[in-house]
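Colleague: Input file: entry18.pdb. Contents: PDB, C-alpha atoms, pLDDT in the B column.
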```pdb
ATOM      1  CA  MET A   8     -50.593-128.018  32.981  1.00 46.00           C
ATOM      2  CA  SER A   9     -48.173-130.913  33.504  1.00 58.00           C
ATOM      3  CA  SER A  10     -44.617-130.687  32.215  1.00 74.00           C
ATOM      4  CA  ILE A  11     -42.544-133.667  31.056  1.00 80.00           C
ATOM      5  CA  SER A  12     -38.782-133.246  31.254  1.00 81.00           C
ATOM      6  CA  ILE A  13     -35.790-135.483  30.646  1.00 86.00           C
ATOM      7  CA  ASN A  14     -33.165-135.375  33.379  1.00 86.00           C
ATOM      8  CA  ASP A  15     -29.776-136.914  34.133  1.00 86.00           C
ATOM      9  CA  LEU A  16     -29.969-140.166  36.083  1.00 87.00           C
ATOM     10  CA  PHE A  17     -27.255-138.858  38.412  1.00 83.00           C
ATOM     11  CA  ASP A  18     -23.859-140.497  37.718  1.00 87.00           C
ATOM     12  CA  TYR A  19     -24.998-143.378  35.544  1.00 92.00           C
ATOM     13  CA  GLY A  20     -24.837-141.890  32.051  1.00 91.00           C
ATOM     14  CA  TYR A  21     -28.551-142.323  31.368  1.00 94.00           C
ATOM     15  CA  TYR A  22     -31.453-139.915  30.997  1.00 93.00           C
ATOM     16  CA  ILE A  23     -34.846-140.364  32.605  1.00 92.00           C
ATOM     17  CA  TYR A  24     -38.254-138.932  31.685  1.00 91.00           C
ATOM     18  CA  GLN A  25     -40.179-137.328  34.538  1.00 87.00           C
ATOM     19  CA  ASN A  26     -43.384-135.359  34.939  1.00 84.00           C
ATOM     20  CA  ASP A  27     -43.455-132.431  37.356  1.00 74.00           C
ATOM     21  CA  ASP A  28     -46.966-133.416  38.482  1.00 74.00           C
ATOM     22  CA  TYR A  29     -46.004-137.001  39.381  1.00 68.00           C
ATOM     23  CA  PHE A  30     -43.932-138.522  42.169  1.00 62.00           C
ATOM     24  CA  LYS A  31     -40.378-138.260  40.795  1.00 67.00           C
ATOM     25  CA  PHE A  32     -37.605-140.719  41.549  1.00 71.00           C
ATOM     26  CA  SER A  33     -35.389-139.696  44.449  1.00 80.00           C
ATOM     27  CA  ILE A  34     -32.262-140.623  46.337  1.00 89.00           C
ATOM     28  CA  ASP A  35     -34.236-143.543  47.851  1.00 92.00           C
ATOM     29  CA  SER A  36     -34.154-145.384  44.523  1.00 92.00           C
ATOM     30  CA  VAL A  37     -30.448-144.675  43.997  1.00 94.00           C
ATOM     31  CA  LEU A  38     -29.508-145.960  47.460  1.00 96.00           C
ATOM     32  CA  LEU A  39     -31.619-149.087  46.970  1.00 97.00           C
ATOM     33  CA  ALA A  40     -30.100-149.850  43.578  1.00 97.00           C
ATOM     34  CA  GLU A  41     -26.605-149.432  45.034  1.00 96.00           C
ATOM     35  CA  PHE A  42     -27.473-151.693  47.997  1.00 98.00           C
ATOM     36  CA  VAL A  43     -28.547-154.560  45.739  1.00 97.00           C
ATOM     37  CA  LYS A  44     -25.982-157.324  45.225  1.00 96.00           C
ATOM     38  CA  ILE A  45     -26.280-159.379  42.062  1.00 95.00           C
ATOM     39  CA  ARG A  46     -24.416-162.586  42.780  1.00 94.00           C
ATOM     40  CA  LYS A  47     -22.900-164.949  40.240  1.00 91.00           C
ATOM     41  CA  GLY A  48     -25.610-167.047  38.611  1.00 90.00           C
ATOM     42  CA  SER A  49     -28.357-164.526  39.429  1.00 93.00           C
ATOM     43  CA  ASN A  50     -29.719-163.139  36.210  1.00 93.00           C
ATOM     44  CA  LYS A  51     -33.507-162.777  36.475  1.00 96.00           C
ATOM     45  CA  ILE A  52     -34.320-159.577  38.348  1.00 98.00           C
ATOM     46  CA  LEU A  53     -37.766-158.201  39.245  1.00 98.00           C
ATOM     47  CA  ASP A  54     -38.316-154.577  40.286  1.00 98.00           C
ATOM     48  CA  LEU A  55     -41.708-153.964  41.888  1.00 97.00           C
ATOM     49  CA  CYS A  56     -43.349-150.517  42.153  1.00 94.00           C
ATOM     50  CA  SER A  57     -40.831-149.602  39.486  1.00 95.00           C
ATOM     51  CA  GLY A  58     -41.989-146.032  38.850  1.00 92.00           C
ATOM     52  CA  ASN A  59     -40.206-144.512  35.869  1.00 91.00           C
ATOM     53  CA  ALA A  60     -37.554-147.266  36.088  1.00 94.00           C
ATOM     54  CA  PRO A  61     -34.525-145.685  37.819  1.00 95.00           C
ATOM     55  CA  ILE A  62     -33.639-148.910  39.643  1.00 96.00           C
ATOM     56  CA  PRO A  63     -33.665-151.198  36.558  1.00 97.00           C
ATOM     57  CA  MET A  64     -31.552-148.675  34.655  1.00 96.00           C
ATOM     58  CA  ILE A  65     -28.994-148.326  37.459  1.00 96.00           C
ATOM     59  CA  LEU A  66     -28.746-152.105  37.898  1.00 97.00           C
ATOM     60  CA  GLN A  67     -28.279-152.560  34.163  1.00 95.00           C
ATOM     61  CA  LYS A  68     -25.487-149.973  34.161  1.00 94.00           C
ATOM     62  CA  LYS A  69     -23.746-151.545  37.180  1.00 94.00           C
ATOM     63  CA  TYR A  70     -24.021-155.200  36.198  1.00 93.00           C
ATOM     64  CA  GLY A  71     -24.427-155.321  32.443  1.00 87.00           C
ATOM     65  CA  GLU A  72     -26.891-157.450  30.529  1.00 80.00           C
ATOM     66  CA  LEU A  73     -29.272-158.740  33.163  1.00 92.00           C
ATOM     67  CA  ASP A  74     -32.812-159.915  32.440  1.00 96.00           C
ATOM     68  CA  ILE A  75     -34.714-157.194  34.334  1.00 97.00           C
ATOM     69  CA  THR A  76     -38.492-156.826  34.557  1.00 98.00           C
ATOM     70  CA  GLY A  77     -40.104-153.754  36.082  1.00 98.00           C
ATOM     71  CA  VAL A  78     -43.710-153.738  37.298  1.00 97.00           C
ATOM     72  CA  GLU A  79     -45.566-150.426  37.587  1.00 95.00           C
ATOM     73  CA  LEU A  80     -49.283-150.057  38.299  1.00 92.00           C
ATOM     74  CA  GLN A  81     -49.850-146.461  37.200  1.00 89.00           C
ATOM     75  CA  LYS A  82     -50.104-146.172  33.421  1.00 93.00           C
ATOM     76  CA  GLU A  83     -48.870-142.577  33.323  1.00 90.00           C
ATOM     77  CA  ILE A  84     -45.620-143.461  35.114  1.00 91.00           C
ATOM     78  CA  TYR A  85     -45.243-146.769  33.254  1.00 95.00           C
ATOM     79  CA  ASP A  86     -45.333-144.791  29.987  1.00 94.00           C
ATOM     80  CA  LEU A  87     -42.486-142.571  31.228  1.00 93.00           C
ATOM     81  CA  ALA A  88     -40.437-145.666  32.110  1.00 95.00           C
ATOM     82  CA  LYS A  89     -40.962-147.061  28.619  1.00 96.00           C
ATOM     83  CA  LYS A  90     -39.858-143.755  27.076  1.00 94.00           C
ATOM     84  CA  SER A  91     -36.712-143.668  29.214  1.00 94.00           C
ATOM     85  CA  ILE A  92     -35.749-147.245  28.349  1.00 96.00           C
ATOM     86  CA  GLU A  93     -36.305-146.622  24.643  1.00 96.00           C
ATOM     87  CA  TYR A  94     -34.428-143.287  24.724  1.00 95.00           C
ATOM     88  CA  ASN A  95     -31.396-144.953  26.350  1.00 95.00           C
ATOM     89  CA  LYS A  96     -31.602-147.937  23.974  1.00 95.00           C
ATOM     90  CA  ILE A  97     -31.668-150.530  26.764  1.00 94.00           C
ATOM     91  CA  SER A  98     -32.888-153.865  25.420  1.00 92.00           C
ATOM     92  CA  SER A  99     -32.548-155.925  28.625  1.00 93.00           C
ATOM     93  CA  ILE A 100     -35.311-154.180  30.616  1.00 97.00           C
ATOM     94  CA  THR A 101     -38.969-155.132  30.146  1.00 97.00           C
ATOM     95  CA  MET A 102     -41.704-153.011  31.720  1.00 97.00           C
ATOM     96  CA  ILE A 103     -45.131-154.392  32.647  1.00 97.00           C
ATOM     97  CA  ASN A 104     -48.154-152.240  33.509  1.00 97.00           C
ATOM     98  CA  GLU A 105     -49.649-154.424  36.244  1.00 96.00           C
ATOM     99  CA  ASP A 106     -50.755-154.571  39.878  1.00 95.00           C
ATOM    100  CA  VAL A 107     -48.135-156.191  42.152  1.00 95.00           C
ATOM    101  CA  LYS A 108     -50.927-158.244  43.725  1.00 95.00           C
ATOM    102  CA  ASN A 109     -51.386-160.004  40.354  1.00 95.00           C
ATOM    103  CA  ILE A 110     -47.750-160.955  39.721  1.00 96.00           C
ATOM    104  CA  LYS A 111     -48.138-164.645  40.620  1.00 94.00           C
ATOM    105  CA  LYS A 112     -50.712-164.945  37.843  1.00 95.00           C
ATOM    106  CA  THR A 113     -48.712-162.701  35.492  1.00 95.00           C
ATOM    107  CA  PHE A 114     -45.505-164.713  35.758  1.00 95.00           C
ATOM    108  CA  LYS A 115     -47.098-168.132  36.313  1.00 90.00           C
ATOM    109  CA  ASN A 116     -44.176-170.567  36.698  1.00 87.00           C
ATOM    110  CA  THR A 117     -41.413-167.940  36.412  1.00 93.00           C
ATOM    111  CA  LYS A 118     -39.213-167.437  39.475  1.00 97.00           C
ATOM    112  CA  PHE A 119     -36.823-164.529  39.993  1.00 98.00           C
ATOM    113  CA  ASP A 120     -33.356-164.674  41.547  1.00 98.00           C
ATOM    114  CA  VAL A 121     -33.600-161.151  42.965  1.00 98.00           C
ATOM    115  CA  VAL A 122     -36.643-159.006  43.762  1.00 98.00           C
ATOM    116  CA  VAL A 123     -36.282-155.281  44.505  1.00 98.00           C
ATOM    117  CA  CYS A 124     -38.874-152.775  45.711  1.00 97.00           C
ATOM    118  CA  ASN A 125     -39.154-149.111  46.695  1.00 95.00           C
ATOM    119  CA  PRO A 126     -42.770-149.325  47.900  1.00 93.00           C
ATOM    120  CA  PRO A 127     -45.349-146.837  49.163  1.00 88.00           C
ATOM    121  CA  TYR A 128     -44.221-145.965  52.697  1.00 84.00           C
ATOM    122  CA  PHE A 129     -47.275-144.861  54.615  1.00 69.00           C
ATOM    123  CA  LYS A 130     -50.292-146.697  56.000  1.00 74.00           C
ATOM    124  CA  ILE A 131     -53.812-145.429  55.434  1.00 69.00           C
ATOM    125  CA  ASP A 132     -55.369-144.841  58.853  1.00 62.00           C
ATOM    126  CA  GLU A 133     -58.177-142.632  60.057  1.00 44.00           C
ATOM    127  CA  GLY A 134     -56.921-139.066  59.887  1.00 49.00           C
ATOM    128  CA  THR A 135     -54.139-139.831  57.385  1.00 53.00           C
ATOM    129  CA  MET A 136     -53.367-136.820  55.208  1.00 51.00           C
ATOM    130  CA  VAL A 137     -53.253-138.043  51.587  1.00 52.00           C
ATOM    131  CA  ASN A 138     -52.052-135.924  48.666  1.00 53.00           C
ATOM    132  CA  ASP A 139     -54.873-134.624  46.457  1.00 49.00           C
ATOM    133  CA  ASN A 140     -52.835-135.676  43.418  1.00 51.00           C
ATOM    134  CA  GLU A 141     -53.923-139.304  42.963  1.00 52.00           C
ATOM    135  CA  ILE A 142     -50.718-140.377  41.199  1.00 48.00           C
ATOM    136  CA  LYS A 143     -48.529-138.990  43.986  1.00 50.00           C
ATOM    137  CA  ALA A 144     -50.846-140.392  46.658  1.00 47.00           C
ATOM    138  CA  ILE A 145     -50.646-143.941  45.261  1.00 48.00           C
ATOM    139  CA  ALA A 146     -46.840-143.702  45.095  1.00 51.00           C
ATOM    140  CA  ARG A 147     -46.524-142.582  48.741  1.00 61.00           C
ATOM    141  CA  HIS A 148     -49.421-144.282  50.553  1.00 48.00           C
ATOM    142  CA  GLU A 149     -50.690-147.860  50.752  1.00 54.00           C
ATOM    143  CA  LEU A 150     -53.843-147.049  48.799  1.00 62.00           C
ATOM    144  CA  MET A 151     -53.363-149.833  46.259  1.00 74.00           C
ATOM    145  CA  LEU A 152     -50.700-152.058  47.849  1.00 89.00           C
ATOM    146  CA  SER A 153     -50.145-152.917  51.502  1.00 92.00           C
ATOM    147  CA  LEU A 154     -46.809-154.027  52.899  1.00 95.00           C
ATOM    148  CA  ASN A 155     -48.302-157.441  53.644  1.00 95.00           C
ATOM    149  CA  ASP A 156     -49.558-157.876  50.066  1.00 94.00           C
ATOM    150  CA  LEU A 157     -46.187-156.791  48.693  1.00 96.00           C
ATOM    151  CA  ILE A 158     -44.148-159.311  50.679  1.00 97.00           C
ATOM    152  CA  PHE A 159     -46.709-162.103  50.221  1.00 97.00           C
ATOM    153  CA  SER A 160     -46.670-161.533  46.440  1.00 97.00           C
ATOM    154  CA  THR A 161     -42.874-161.473  46.437  1.00 98.00           C
ATOM    155  CA  SER A 162     -42.783-164.848  48.207  1.00 98.00           C
ATOM    156  CA  LYS A 163     -44.755-166.355  45.310  1.00 97.00           C
ATOM    157  CA  VAL A 164     -42.353-165.312  42.529  1.00 98.00           C
ATOM    158  CA  ILE A 165     -38.901-165.470  44.145  1.00 98.00           C
ATOM    159  CA  GLN A 166     -36.546-168.432  43.881  1.00 97.00           C
ATOM    160  CA  ASN A 167     -35.876-170.552  46.948  1.00 97.00           C
ATOM    161  CA  GLN A 168     -33.076-168.683  48.751  1.00 97.00           C
ATOM    162  CA  GLY A 169     -33.448-165.777  46.350  1.00 98.00           C
ATOM    163  CA  TYR A 170     -32.723-162.272  47.654  1.00 98.00           C
ATOM    164  CA  PHE A 171     -35.256-159.533  48.340  1.00 98.00           C
ATOM    165  CA  TYR A 172     -34.190-155.885  48.702  1.00 98.00           C
ATOM    166  CA  MET A 173     -36.299-153.016  49.970  1.00 98.00           C
ATOM    167  CA  ILE A 174     -35.996-149.456  51.242  1.00 97.00           C
ATOM    168  CA  HIS A 175     -38.589-148.193  53.691  1.00 96.00           C
ATOM    169  CA  HIS A 176     -39.400-145.438  56.153  1.00 94.00           C
ATOM    170  CA  ILE A 177     -37.927-145.946  59.614  1.00 96.00           C
ATOM    171  CA  THR A 178     -41.375-145.736  61.256  1.00 93.00           C
ATOM    172  CA  ARG A 179     -42.260-149.018  59.506  1.00 93.00           C
ATOM    173  CA  PHE A 180     -39.166-150.916  60.667  1.00 97.00           C
ATOM    174  CA  ALA A 181     -41.025-153.277  63.017  1.00 97.00           C
ATOM    175  CA  ASP A 182     -43.757-153.890  60.425  1.00 95.00           C
ATOM    176  CA  VAL A 183     -41.198-154.771  57.747  1.00 97.00           C
ATOM    177  CA  ILE A 184     -39.243-157.202  59.925  1.00 98.00           C
ATOM    178  CA  ASN A 185     -42.392-158.882  61.272  1.00 97.00           C
ATOM    179  CA  ILE A 186     -43.948-159.373  57.828  1.00 97.00           C
ATOM    180  CA  LEU A 187     -40.692-160.635  56.327  1.00 98.00           C
ATOM    181  CA  LYS A 188     -40.576-163.247  59.108  1.00 98.00           C
ATOM    182  CA  LYS A 189     -44.250-164.102  58.525  1.00 98.00           C
ATOM    183  CA  TYR A 190     -43.442-165.127  54.942  1.00 98.00           C
ATOM    184  CA  ASN A 191     -40.188-166.917  55.822  1.00 98.00           C
ATOM    185  CA  PHE A 192     -37.577-164.368  54.791  1.00 98.00           C
ATOM    186  CA  GLY A 193     -34.336-164.412  56.773  1.00 98.00           C
ATOM    187  CA  ILE A 194     -32.764-161.007  57.443  1.00 98.00           C
ATOM    188  CA  LYS A 195     -29.206-160.722  56.095  1.00 98.00           C
ATOM    189  CA  ARG A 196     -28.174-157.036  55.877  1.00 98.00           C
ATOM    190  CA  LEU A 197     -29.485-153.738  57.234  1.00 98.00           C
ATOM    191  CA  VAL A 198     -28.342-150.147  56.873  1.00 98.00           C
ATOM    192  CA  PHE A 199     -29.897-147.015  58.347  1.00 98.00           C
ATOM    193  CA  ILE A 200     -30.076-143.744  56.400  1.00 96.00           C
ATOM    194  CA  HIS A 201     -29.754-140.342  58.117  1.00 97.00           C
ATOM    195  CA  ASP A 202     -29.912-136.857  56.615  1.00 94.00           C
ATOM    196  CA  ASP A 203     -26.831-135.995  58.708  1.00 93.00           C
ATOM    197  CA  LYS A 204     -25.027-137.090  61.877  1.00 94.00           C
ATOM    198  CA  CYS A 205     -27.206-134.897  64.097  1.00 93.00           C
ATOM    199  CA  GLU A 206     -30.478-136.357  62.828  1.00 95.00           C
ATOM    200  CA  LYS A 207     -32.325-139.583  63.596  1.00 96.00           C
ATOM    201  CA  ALA A 208     -32.524-142.222  60.876  1.00 96.00           C
ATOM    202  CA  THR A 209     -35.328-141.571  58.394  1.00 95.00           C
ATOM    203  CA  LEU A 210     -35.014-144.628  56.117  1.00 96.00           C
ATOM    204  CA  PHE A 211     -33.524-148.106  56.180  1.00 97.00           C
ATOM    205  CA  LEU A 212     -32.453-150.696  53.632  1.00 98.00           C
ATOM    206  CA  VAL A 213     -32.953-154.417  54.134  1.00 98.00           C
ATOM    207  CA  GLU A 214     -31.619-157.495  52.362  1.00 98.00           C
ATOM    208  CA  ALA A 215     -33.547-160.712  53.070  1.00 98.00           C
ATOM    209  CA  MET A 216     -33.328-164.285  51.771  1.00 98.00           C
ATOM    210  CA  PHE A 217     -36.440-166.314  51.019  1.00 98.00           C
ATOM    211  CA  ASN A 218     -36.381-169.524  53.082  1.00 98.00           C
ATOM    212  CA  GLY A 219     -33.071-168.409  54.556  1.00 97.00           C
ATOM    213  CA  LYS A 220     -31.984-168.139  58.178  1.00 96.00           C
ATOM    214  CA  ASP A 221     -31.428-164.845  59.962  1.00 96.00           C
ATOM    215  CA  TYR A 222     -27.783-163.797  60.031  1.00 96.00           C
ATOM    216  CA  VAL A 223     -27.911-160.033  60.385  1.00 97.00           C
ATOM    217  CA  ASN A 224     -25.056-157.795  59.289  1.00 97.00           C
ATOM    218  CA  VAL A 225     -25.712-154.133  60.155  1.00 97.00           C
ATOM    219  CA  LEU A 226     -23.656-151.873  57.898  1.00 97.00           C
ATOM    220  CA  PRO A 227     -22.337-148.463  58.977  1.00 95.00           C
ATOM    221  CA  PRO A 228     -25.016-145.762  58.748  1.00 96.00           C
ATOM    222  CA  VAL A 229     -25.218-143.507  55.713  1.00 96.00           C
ATOM    223  CA  PHE A 230     -25.263-139.744  56.348  1.00 96.00           C
ATOM    224  CA  VAL A 231     -26.702-138.345  53.147  1.00 93.00           C
ATOM    225  CA  ASN A 232     -25.267-134.828  53.417  1.00 92.00           C
ATOM    226  CA  GLU A 233     -21.710-136.223  53.402  1.00 91.00           C
ATOM    227  CA  TYR A 234     -21.929-137.445  49.799  1.00 87.00           C
ATOM    228  CA  SER A 235     -21.975-135.646  46.478  1.00 84.00           C
ATOM    229  CA  SER A 236     -22.271-139.000  44.688  1.00 88.00           C
ATOM    230  CA  PHE A 237     -23.859-142.262  45.816  1.00 90.00           C
ATOM    231  CA  LYS A 238     -22.294-144.388  43.111  1.00 91.00           C
ATOM    232  CA  ASN A 239     -20.708-147.519  44.641  1.00 90.00           C
ATOM    233  CA  ILE A 240     -21.452-146.133  48.120  1.00 91.00           C
ATOM    234  CA  PHE A 241     -21.611-149.584  49.724  1.00 90.00           C
ATOM    235  CA  GLU A 242     -18.328-150.673  48.155  1.00 84.00           C
ATOM    236  CA  ARG A 243     -16.206-147.877  49.653  1.00 63.00           C
TER     237      ARG A 243
END
```
Let's see the structure in the file written out as structure tokens.
Modeller:
Amino acid sequence: MSSISINDLFDYGYYIYQNDDYFKFSIDSVLLAEFVKIRKGSNKILDLCSGNAPIPMILQKKYGELDITGVELQKEIYDLAKKSIEYNKISSITMINEDVKNIKKTFKNTKFDVVVCNPPYFKIDEGTMVNDNEIKAIARHELMLSLNDLIFSTSKVIQNQGYFYMIHHITRFADVINILKKYNFGIKRLVFIHDDKCEKATLFLVEAMFNGKDYVNVLPPVFVNEYSSFKNIFER
């Protein structure tokens, strides 16, 4: 029997609803939210594959009253996001229960200044081991959304020279860079995430500009075990 709980959203003063049987938010979402830069004049923010909305809530806490829209495909997790936003009395976040592949139609002529995504990491190939729990499987594997479809869809709803932020598994690094280039995103910042100094990188964060030129700034690596708090980690 599934169990819904309400947990601290780390250091941000919010609470978040989670279900023990679903794919819970993790440090990945916190690192991504901290990596995002909201520049002056950027107000319309889109969070794709939003889950139970940790990234919109962290961005709202860091930057104040932004116009943030979260898109989550799975109704069960979307409902948890709605509960969390209502519980914390956040009026500036709107959640939409929709497939990322449909966002061009959903938003029609709307363009976003910043698009953020913590997507499914793993390809579906012959022999791929997929979790029996469908909700967890869709969150982790490209069952419903490929990397190509994600970045193509993003290119249709982002402002010219708007910023796109993503965290991904290190094994997909070449795929991510190649597909970003395919849809005319210029790479601006990268940072590699390690469990500790003795381990290889497991994740990476990327900042890219739509219709921008490459000018790559590689930040110092993050060694996760060295931090008790990730708040403002990229501003230290």
Colleague: Step by step, work through what the PyMOL selection byres ((chain A and resi 122) around 9) selects in the shown file, and finish by giving those residues as a ChimeraX atom specification.
Modeller: /A:51-55,119-121,123-124,161,164-165,169-173
Colleague: Find, counting only C-alpha atoms, the residue in A:Tyr85, A:Ile174, A:Lys188, A:Asn109 that gets nearest to A:Ser33.
Modeller: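 Among the listed residues, the smallest separation from A:Ser33 belongs to A:Ile174.
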Colleague: Check the smallest atom-to-atom distance from each of A:Lys111, A:Ala40, A:Gln166, A:Val223 to A:Phe241 using all atoms listed in the file, then report the winner.
Modeller: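 Selected residue with least distance to A:Phe241: A:Ala40.
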Colleague: So how many Å separate atom CA of A:Ala215 and atom CA of A:Ile194, to one decimal?
Modeller: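 Atom CA of A:Ile194 lies at a distance of 4.5 Å from atom CA of A:Ala215.
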Colleague: Can you measure atom CA of A:Asn104 to atom CA of A:Cys56 for me? One decimal in Å is fine.
Modeller: 10.0 Å
Colleague: Assuming the chain letters and numbering stay as they are in my file, what does the PyMOL selection byres ((chain A and resi 202-206) around 7) actually select? List them as a list of chain:residue names.
Modeller: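 With the shown file as input, the PyMOL selection byres ((chain A and resi 202-206) around 7) matches A:Ile200, A:His201, A:Lys207, A:Ala208, A:Phe230, A:Val231, A:Asn232.
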Colleague: At what distance in Å, to one decimal, does atom CA of A:Lys118 lie from atom CA of A:Ile34?
Modeller: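 So the answer is 28.5 Å.
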Colleague: Can you spell out as a PyMOL selection string the set of residues that the PyMOL selection byres ((chain A and resi 58) around 9) selects in the structure I just provided?
Modeller: chain A and resi 30-32+55-57+59-62+77-81+84-85+87-88+125+146
Colleague: Give me, as a CSV table (one decimal) with C-alpha atoms, in the coordinates of the input, all polymer residues having an atom no more than 10 Å from A:Ser12, counting only C-alpha atoms and skipping those fewer than 2 positions away in the same chain.
Modeller:
```
chain,number,residue,atom,x,y,z
A,9,SER,CA,-48.2,-130.9,33.5
A,10,SER,CA,-44.6,-130.7,32.2
A,14,ASN,CA,-33.2,-135.4,33.4
A,22,TYR,CA,-31.5,-139.9,31.0
A,23,ILE,CA,-34.8,-140.4,32.6
A,24,TYR,CA,-38.3,-138.9,31.7
A,25,GLN,CA,-40.2,-137.3,34.5
A,26,ASN,CA,-43.4,-135.4,34.9
A,27,ASP,CA,-43.5,-132.4,37.4
```
Colleague: Near A:Pro227, counting only C-alpha atoms, which residues have an atom at most 12 Å away, once you skip same-chain residues fewer than 3 positions from it, shown as a compact mmCIF listing (two decimals) with C-alpha atoms, keeping the file's coordinate frame?
Modeller:
```txt
# COMPACT_ATOMS: atom_id res chain seq x y z
CA ARG A 196 -28.17 -157.04 55.88
CA LEU A 197 -29.48 -153.74 57.23
CA VAL A 198 -28.34 -150.15 56.87
CA PHE A 199 -29.90 -147.01 58.35
CA ILE A 200 -30.08 -143.74 56.40
CA HIS A 201 -29.75 -140.34 58.12
CA PHE A 211 -33.52 -148.11 56.18
CA LEU A 212 -32.45 -150.70 53.63
CA ASN A 224 -25.06 -157.79 59.29
CA PHE A 230 -25.26 -139.74 56.35
CA ILE A 240 -21.45 -146.13 48.12
CA PHE A 241 -21.61 -149.58 49.72
CA GLU A 242 -18.33 -150.67 48.16
CA ARG A 243 -16.21 -147.88 49.65
```
